[in-house]
Amino acid sequence: MSSFGLRSTGLVVFGGRLVSAFTGLLFTLMAARWLNPSGFGVWEVIITVLTFASYPIGTVAYWATRDVARGRMVGRTALATGALLSGAGLVIYFAFTFVTYSRIAASFTPFLLGALLVPLSYWSATANGIVNGYRPSVYGYSLVISEVAKISVAYFALYVFRLGIEGVIVGLLTAYFFQSVISTYMVRNTASEKFDPVEAKRWFRLSWLPAVSYLPTSLAVADTYIVAVLHGTSVVGTYQVAFFVASIVTYASSLVFALYPLLLRGGDPRLPAVGLEFSMLFAIPMAAGCAVLAQPILLLFGPLYTPGALGLVILAVMFVFYNVSQLLDQTLMGTEKVDAGETPTFRKLVRSNLLFVPAVNITYGAVYLALLAVALTYAAASGFGSQGDVATWAAVQLAATLVFMLVKVRRARKVARLTPGISVAYYLVGAGVMSGVLYLAAPVVAVQGLDTVFYGLHLLLLVLVGAMVYFGVVYALDSKFRELSGSLLKRFR
């Protein structure tokens with residue numbers, strides 16, 4: 001697949017992520033307006049416990065992606081193994097639940113209903129692992145359908161049947177189910193071979209590698225758990241709404257969704273630089289927009305969440321560096337060939353990027369959590385208040401992300417070209433002009449006191465105006481963008 005193929009697949013997935021951004025916004029908006037920050041924090045704790053419980057499925061998803069990308073049709077083995085592993089996931093889920101729910105003064109009922117998410121999350125993770133290796137664009141299609149279904153069900157659960165946190169869980173159950181069914185059907189050809197217990201044994205024999213690879217994911221969400229237990233769920237709820245809005249920036253990473261399987265298949269080492277430049281085309285303006293419109297956006301979720309505005313600005317910048325860090329992970333893991341032939345020795349694996357990447361991410365997670373515990377304890381003792389607590393939390397995450405991204409850059413430069421072109425400078429100019437327009441227009445367009453729907457439509461108008469300004473400036477300055485636009489128009493005619 002060429003660099004244009006990388007971009008076209010990325011645009012399909014990115015389009016799906018944009019739709020999910022909109023539906024995710026509606027979903028979070030419904031939940032945040034129905035729940036207060038403390039209740040929203042409880043919901044986030046349930047999601048964190050689910051992440052802990054989903055840890056074992058990483059072994060299957062990890063090897064399914066790498067094997068399927070290299071032409072091995074192990075889909076049936078992966079799906080069956082994932083279903084069996086979900087039993088272990090339920091054990092982990094209930095172990096954390098019994099320790100947690102009383103400490104945060106929450107009801108047991110939402111945690112009990114949340115247990116249904118465990119087997120569906122295992123199915124979804126396995127199916128997506130196969131999709132990543134076989135046909136990455138499927139992820140975009142399944143995401144759109146599952147997100148629309150989630151919003152539809154959540155609306156009735158919250159506003160018709162008035163189920164509260166339970167209604168939010170039912171919405172997420174729906175999303176997992178639809179995405180799993182669609183992904184499994186679309187990659188059914190990968191299940192052409194019979195269940196192979198030998199293959200499953202090989203995965204588990206090498207399970208220590210995905211175990212360390214997915215440990216950073218658990219560490220990354222452990223901050224929610226730690227803060228909820230030590231400082232309460234109110235600050236968690238305020239932070240997580242700001243975090244959700246800022247995380248829209250990560251959707252730009254979908255533009256290089258096909259990079260990993262392409263590199264696994266021996267793709268051009270210049271592709272990471274192409275992907276980095278392409279992802280910045282969207283990440284930079286998205287971060288700038290989140291920063292300039294932080295206060296108006298959070299007001300949409302309710303006045304109780306506006307203390308997270310400064311944290312949202314910091315997190316928007318952090319996610320730009322996070323996107324780069326994720327691209328570096330794909331580059332290092334995708335160019336590693338140690339497992340391409342026979343089963344590699346332990347010594348070779350230890351020296352490979354398959355261990356380097358998770359080792360760096362684990363160190364990042366441990367350092368981040370330690371700094372967070374110290375910083376928030378100081379903030380609480382100093383009486384920073386909700387705004388200060390959220391900003392402190394975000395600042396710690398920004399600093400840790402930047403430092404460890406630079407560690408990866410040094411290693412990745414040895415295996416691939418990473419320097420983007422002059423186009424990134426044009427993106428910065430475009431984002432600057434856009435930010436100025438939004439700053440001046442926001443007080444006029446996003447008028448407080450409007451009905452929620454109309455206020456949301458006014459914000460959407462601001463976003464559209466900002467996008468038009470940004471892409472207009474970039475189109476005028478950047479010849480590469482003009483060429484890409486022309487190629488895409490020809491392809492879709």
# chains A, B, ... in the order shown; residues from 1 in each chain; ligands from 1
$ closest_atom_pairs --of "range 155-207 of chain A" --to "range 41-54 of chain A" --cutoff "10 Å" --atoms "only C-alpha atoms" --output "Markdown table"
| residue | atom | partner | partner_atom | distance |
| --- | --- | --- | --- | --- |
| A:Ile165 | CA | A:Trp43 | CA | 6.6 |
| A:Glu166 | CA | A:Trp43 | CA | 9.2 |
| A:Val168 | CA | A:Trp43 | CA | 8.2 |
| A:Ile169 | CA | A:Trp43 | CA | 8.4 |
$ write_last_selection --atoms "C-alpha atoms" --output "PDB file, in the first residue's frame"
ATOM      1  CA  ILE A 165     -25.840   5.421  35.754  1.00  0.00           C
ATOM      2  CA  GLU A 166     -27.513   2.154  34.774  1.00  0.00           C
ATOM      3  CA  VAL A 168     -25.282   4.944  30.685  1.00  0.00           C
ATOM      4  CA  ILE A 169     -24.089   1.348  31.113  1.00  0.00           C
TER       5      ILE A 169
END
$ residues_around --residues "range 431-434 of chain A" --least-positions-apart "5" --cutoff "9 Å" --atoms "only C-alpha atoms" --output "CSV table (one decimal) with C-alpha atoms, in the first residue's frame"
chain,number,residue,atom,x,y,z
A,284,ILE,CA,-3.0,21.0,15.6
A,285,PRO,CA,-6.3,22.8,14.8
A,286,MET,CA,-8.3,20.4,17.0
A,287,ALA,CA,-6.0,21.2,20.0
A,288,ALA,CA,-6.1,24.9,19.2
A,289,GLY,CA,-9.9,24.8,19.0
A,426,TYR,CA,1.6,26.0,7.6
A,439,TYR,CA,-11.5,34.1,20.2
A,465,VAL,CA,-16.4,28.5,10.9
A,466,GLY,CA,-13.1,27.7,12.6
A,467,ALA,CA,-12.6,24.7,10.3
A,468,MET,CA,-13.4,26.7,7.2
A,469,VAL,CA,-10.8,29.4,8.2
A,470,TYR,CA,-8.2,26.8,9.1
A,473,VAL,CA,-5.5,29.2,5.1
A,474,VAL,CA,-3.7,25.8,4.7
$ closest_residue --among "A:Val212, A:Leu293, A:Ile248, A:Leu489" --to "Pro443 in chain A" --atoms "only C-alpha atoms"
A:Leu293
$ residues_around --residues "range 30-34 of chain A" --least-positions-apart "4" --cutoff "10 Å" --atoms "only C-alpha atoms" --output "PyMOL selection string"
chain A and resi 24-26+38-41+43+151+154-155+158-159+162-165+167-168+237-238+241+300-305
$ closest_residue --among "A:Val350, A:Leu484, A:Ala106, A:Ala273" --to "Val424 in chain A" --atoms "only C-alpha atoms"
A:Ala273
$ residues_around --residues "Gly456 in chain A" --least-positions-apart "5" --cutoff "12 Å" --atoms "only C-alpha atoms" --output "list in words"
Phe22, Leu25, Leu26, Leu29, Pro296, Ile297, Leu298, Leu299, Leu300, Phe301, Gly302, Val445, Ala446, Val447, Gln448, Gly449, Leu450, Asp451, Leu461, Leu462 and Val463 of chain A
$ write_last_selection --atoms "N, CA and C atoms" --output "PDB file, in the first residue's frame"
ATOM      1  N   PHE A  22     -18.722  13.025  17.679  1.00  0.00           N
ATOM      2  CA  PHE A  22     -20.006  13.715  17.817  1.00  0.00           C
ATOM      3  C   PHE A  22     -20.967  12.912  18.688  1.00  0.00           C
ATOM      4  N   LEU A  25     -19.790  12.897  22.191  1.00  0.00           N
ATOM      5  CA  LEU A  25     -20.123  14.161  22.828  1.00  0.00           C
ATOM      6  C   LEU A  25     -21.560  14.138  23.333  1.00  0.00           C
ATOM      7  N   LEU A  26     -22.470  13.655  22.485  1.00  0.00           N
ATOM      8  CA  LEU A  26     -23.871  13.569  22.909  1.00  0.00           C
ATOM      9  C   LEU A  26     -24.029  12.620  24.091  1.00  0.00           C
ATOM     10  N   LEU A  29     -22.543  14.220  27.109  1.00  0.00           N
ATOM     11  CA  LEU A  29     -23.396  15.345  27.470  1.00  0.00           C
ATOM     12  C   LEU A  29     -24.638  14.868  28.212  1.00  0.00           C
ATOM     13  N   PRO A 296     -16.534  27.825  26.872  1.00  0.00           N
ATOM     14  CA  PRO A 296     -17.857  27.613  26.258  1.00  0.00           C
ATOM     15  C   PRO A 296     -18.222  26.140  26.084  1.00  0.00           C
ATOM     16  N   ILE A 297     -17.233  25.311  25.755  1.00  0.00           N
ATOM     17  CA  ILE A 297     -17.538  23.883  25.560  1.00  0.00           C
ATOM     18  C   ILE A 297     -17.967  23.243  26.869  1.00  0.00           C
ATOM     19  N   LEU A 298     -17.235  23.507  27.944  1.00  0.00           N
ATOM     20  CA  LEU A 298     -17.570  22.893  29.230  1.00  0.00           C
ATOM     21  C   LEU A 298     -18.894  23.406  29.770  1.00  0.00           C
ATOM     22  N   LEU A 299     -19.247  24.642  29.436  1.00  0.00           N
ATOM     23  CA  LEU A 299     -20.533  25.174  29.862  1.00  0.00           C
ATOM     24  C   LEU A 299     -21.682  24.376  29.247  1.00  0.00           C
ATOM     25  N   LEU A 300     -21.438  23.796  28.083  1.00  0.00           N
ATOM     26  CA  LEU A 300     -22.453  22.958  27.445  1.00  0.00           C
ATOM     27  C   LEU A 300     -22.802  21.763  28.331  1.00  0.00           C
ATOM     28  N   PHE A 301     -21.817  21.235  29.052  1.00  0.00           N
ATOM     29  CA  PHE A 301     -22.048  20.089  29.936  1.00  0.00           C
ATOM     30  C   PHE A 301     -22.684  20.504  31.255  1.00  0.00           C
ATOM     31  N   GLY A 302     -22.649  21.777  31.540  1.00  0.00           N
ATOM     32  CA  GLY A 302     -23.245  22.286  32.766  1.00  0.00           C
ATOM     33  C   GLY A 302     -22.255  23.147  33.535  1.00  0.00           C
ATOM     34  N   VAL A 445     -21.198  34.525  19.387  1.00  0.00           N
ATOM     35  CA  VAL A 445     -21.976  33.374  18.919  1.00  0.00           C
ATOM     36  C   VAL A 445     -22.428  32.483  20.071  1.00  0.00           C
ATOM     37  N   ALA A 446     -21.499  32.109  20.969  1.00  0.00           N
ATOM     38  CA  ALA A 446     -21.826  31.209  22.084  1.00  0.00           C
ATOM     39  C   ALA A 446     -22.370  32.022  23.257  1.00  0.00           C
ATOM     40  N   VAL A 447     -23.609  32.489  23.121  1.00  0.00           N
ATOM     41  CA  VAL A 447     -24.236  33.336  24.134  1.00  0.00           C
ATOM     42  C   VAL A 447     -24.795  32.472  25.258  1.00  0.00           C
ATOM     43  N   GLN A 448     -24.415  32.791  26.484  1.00  0.00           N
ATOM     44  CA  GLN A 448     -24.912  32.030  27.628  1.00  0.00           C
ATOM     45  C   GLN A 448     -26.400  32.302  27.838  1.00  0.00           C
ATOM     46  N   GLY A 449     -27.076  31.309  28.415  1.00  0.00           N
ATOM     47  CA  GLY A 449     -28.493  31.463  28.696  1.00  0.00           C
ATOM     48  C   GLY A 449     -29.390  30.848  27.653  1.00  0.00           C
ATOM     49  N   LEU A 450     -28.817  30.405  26.544  1.00  0.00           N
ATOM     50  CA  LEU A 450     -29.618  29.748  25.522  1.00  0.00           C
ATOM     51  C   LEU A 450     -30.020  28.351  25.968  1.00  0.00           C
ATOM     52  N   ASP A 451     -31.054  27.822  25.358  1.00  0.00           N
ATOM     53  CA  ASP A 451     -31.430  26.432  25.573  1.00  0.00           C
ATOM     54  C   ASP A 451     -30.261  25.535  25.160  1.00  0.00           C
ATOM     55  N   LEU A 461     -21.652  25.822  15.076  1.00  0.00           N
ATOM     56  CA  LEU A 461     -21.414  26.850  14.064  1.00  0.00           C
ATOM     57  C   LEU A 461     -20.008  27.439  14.219  1.00  0.00           C
ATOM     58  N   LEU A 462     -19.590  27.675  15.459  1.00  0.00           N
ATOM     59  CA  LEU A 462     -18.236  28.165  15.707  1.00  0.00           C
ATOM     60  C   LEU A 462     -17.189  27.190  15.177  1.00  0.00           C
ATOM     61  N   VAL A 463     -17.408  25.911  15.444  1.00  0.00           N
ATOM     62  CA  VAL A 463     -16.470  24.883  14.996  1.00  0.00           C
ATOM     63  C   VAL A 463     -16.386  24.869  13.476  1.00  0.00           C
TER      64      VAL A 463
END
$ residues_around --residues "range 198-206 of chain A" --least-positions-apart "4" --cutoff "10 Å" --atoms "only C-alpha atoms" --output "ChimeraX atom specification"
/A:59-64,74,77-78,80-81,210-211,343-344,346,349
$ residues_around --residues "Gly82 in chain A" --least-positions-apart "4" --cutoff "8 Å" --atoms "only C-alpha atoms" --output "VMD selection string"
chain A and resid 57 60 78 86 122 to 123 126
$ write_last_selection --atoms "N, CA and C atoms" --output "PDB file, in the first residue's frame"
ATOM      1  N   ILE A  57      -7.202 -10.085  27.934  1.00  0.00           N
ATOM      2  CA  ILE A  57      -7.504 -10.267  26.514  1.00  0.00           C
ATOM      3  C   ILE A  57      -6.435  -9.644  25.628  1.00  0.00           C
ATOM      4  N   VAL A  60      -4.437 -12.167  23.409  1.00  0.00           N
ATOM      5  CA  VAL A  60      -5.067 -12.651  22.174  1.00  0.00           C
ATOM      6  C   VAL A  60      -5.083 -11.552  21.115  1.00  0.00           C
ATOM      7  N   ALA A  78      -8.667 -17.064  17.722  1.00  0.00           N
ATOM      8  CA  ALA A  78      -8.646 -15.849  18.538  1.00  0.00           C
ATOM      9  C   ALA A  78      -9.992 -15.612  19.214  1.00  0.00           C
ATOM     10  N   SER A  86     -12.751 -14.552  29.024  1.00  0.00           N
ATOM     11  CA  SER A  86     -13.640 -13.585  29.662  1.00  0.00           C
ATOM     12  C   SER A  86     -14.037 -14.018  31.069  1.00  0.00           C
ATOM     13  N   TYR A 122     -14.390  -8.253  25.860  1.00  0.00           N
ATOM     14  CA  TYR A 122     -13.452  -9.279  25.383  1.00  0.00           C
ATOM     15  C   TYR A 122     -13.725  -9.607  23.916  1.00  0.00           C
ATOM     16  N   TRP A 123     -14.978  -9.735  23.577  1.00  0.00           N
ATOM     17  CA  TRP A 123     -15.351  -9.995  22.182  1.00  0.00           C
ATOM     18  C   TRP A 123     -14.924  -8.834  21.295  1.00  0.00           C
ATOM     19  N   THR A 126     -11.071  -8.656  20.837  1.00  0.00           N
ATOM     20  CA  THR A 126     -10.578  -9.703  19.936  1.00  0.00           C
ATOM     21  C   THR A 126     -10.913  -9.389  18.489  1.00  0.00           C
TER      22      THR A 126
END
$ residues_around --residues "Leu143 in chain A" --least-positions-apart "2" --cutoff "8 Å" --atoms "only C-alpha atoms" --output "list in words"
Gly16, Arg17, Ser20, Tyr139, Gly140, Tyr141, Ile145, Ser146, Glu147 and Gln179 of chain A
$ atom_distance --atom1 "CA of Ala395 in chain A" --atom2 "CA of Ile314 in chain A"
6.4 Å
$ select_by_dssp --residues "range 285-371 of chain A" --states "alpha helix (DSSP H)" --output "VMD selection string"
chain A and resid 285 to 292 294 to 301 309 to 334 346 to 351 353 to 371
$ closest_residue --among "A:Phe156, A:Tyr322, A:Tyr455, A:Phe404" --to "Asn361 in chain A" --atoms "only C-alpha atoms"
A:Phe404
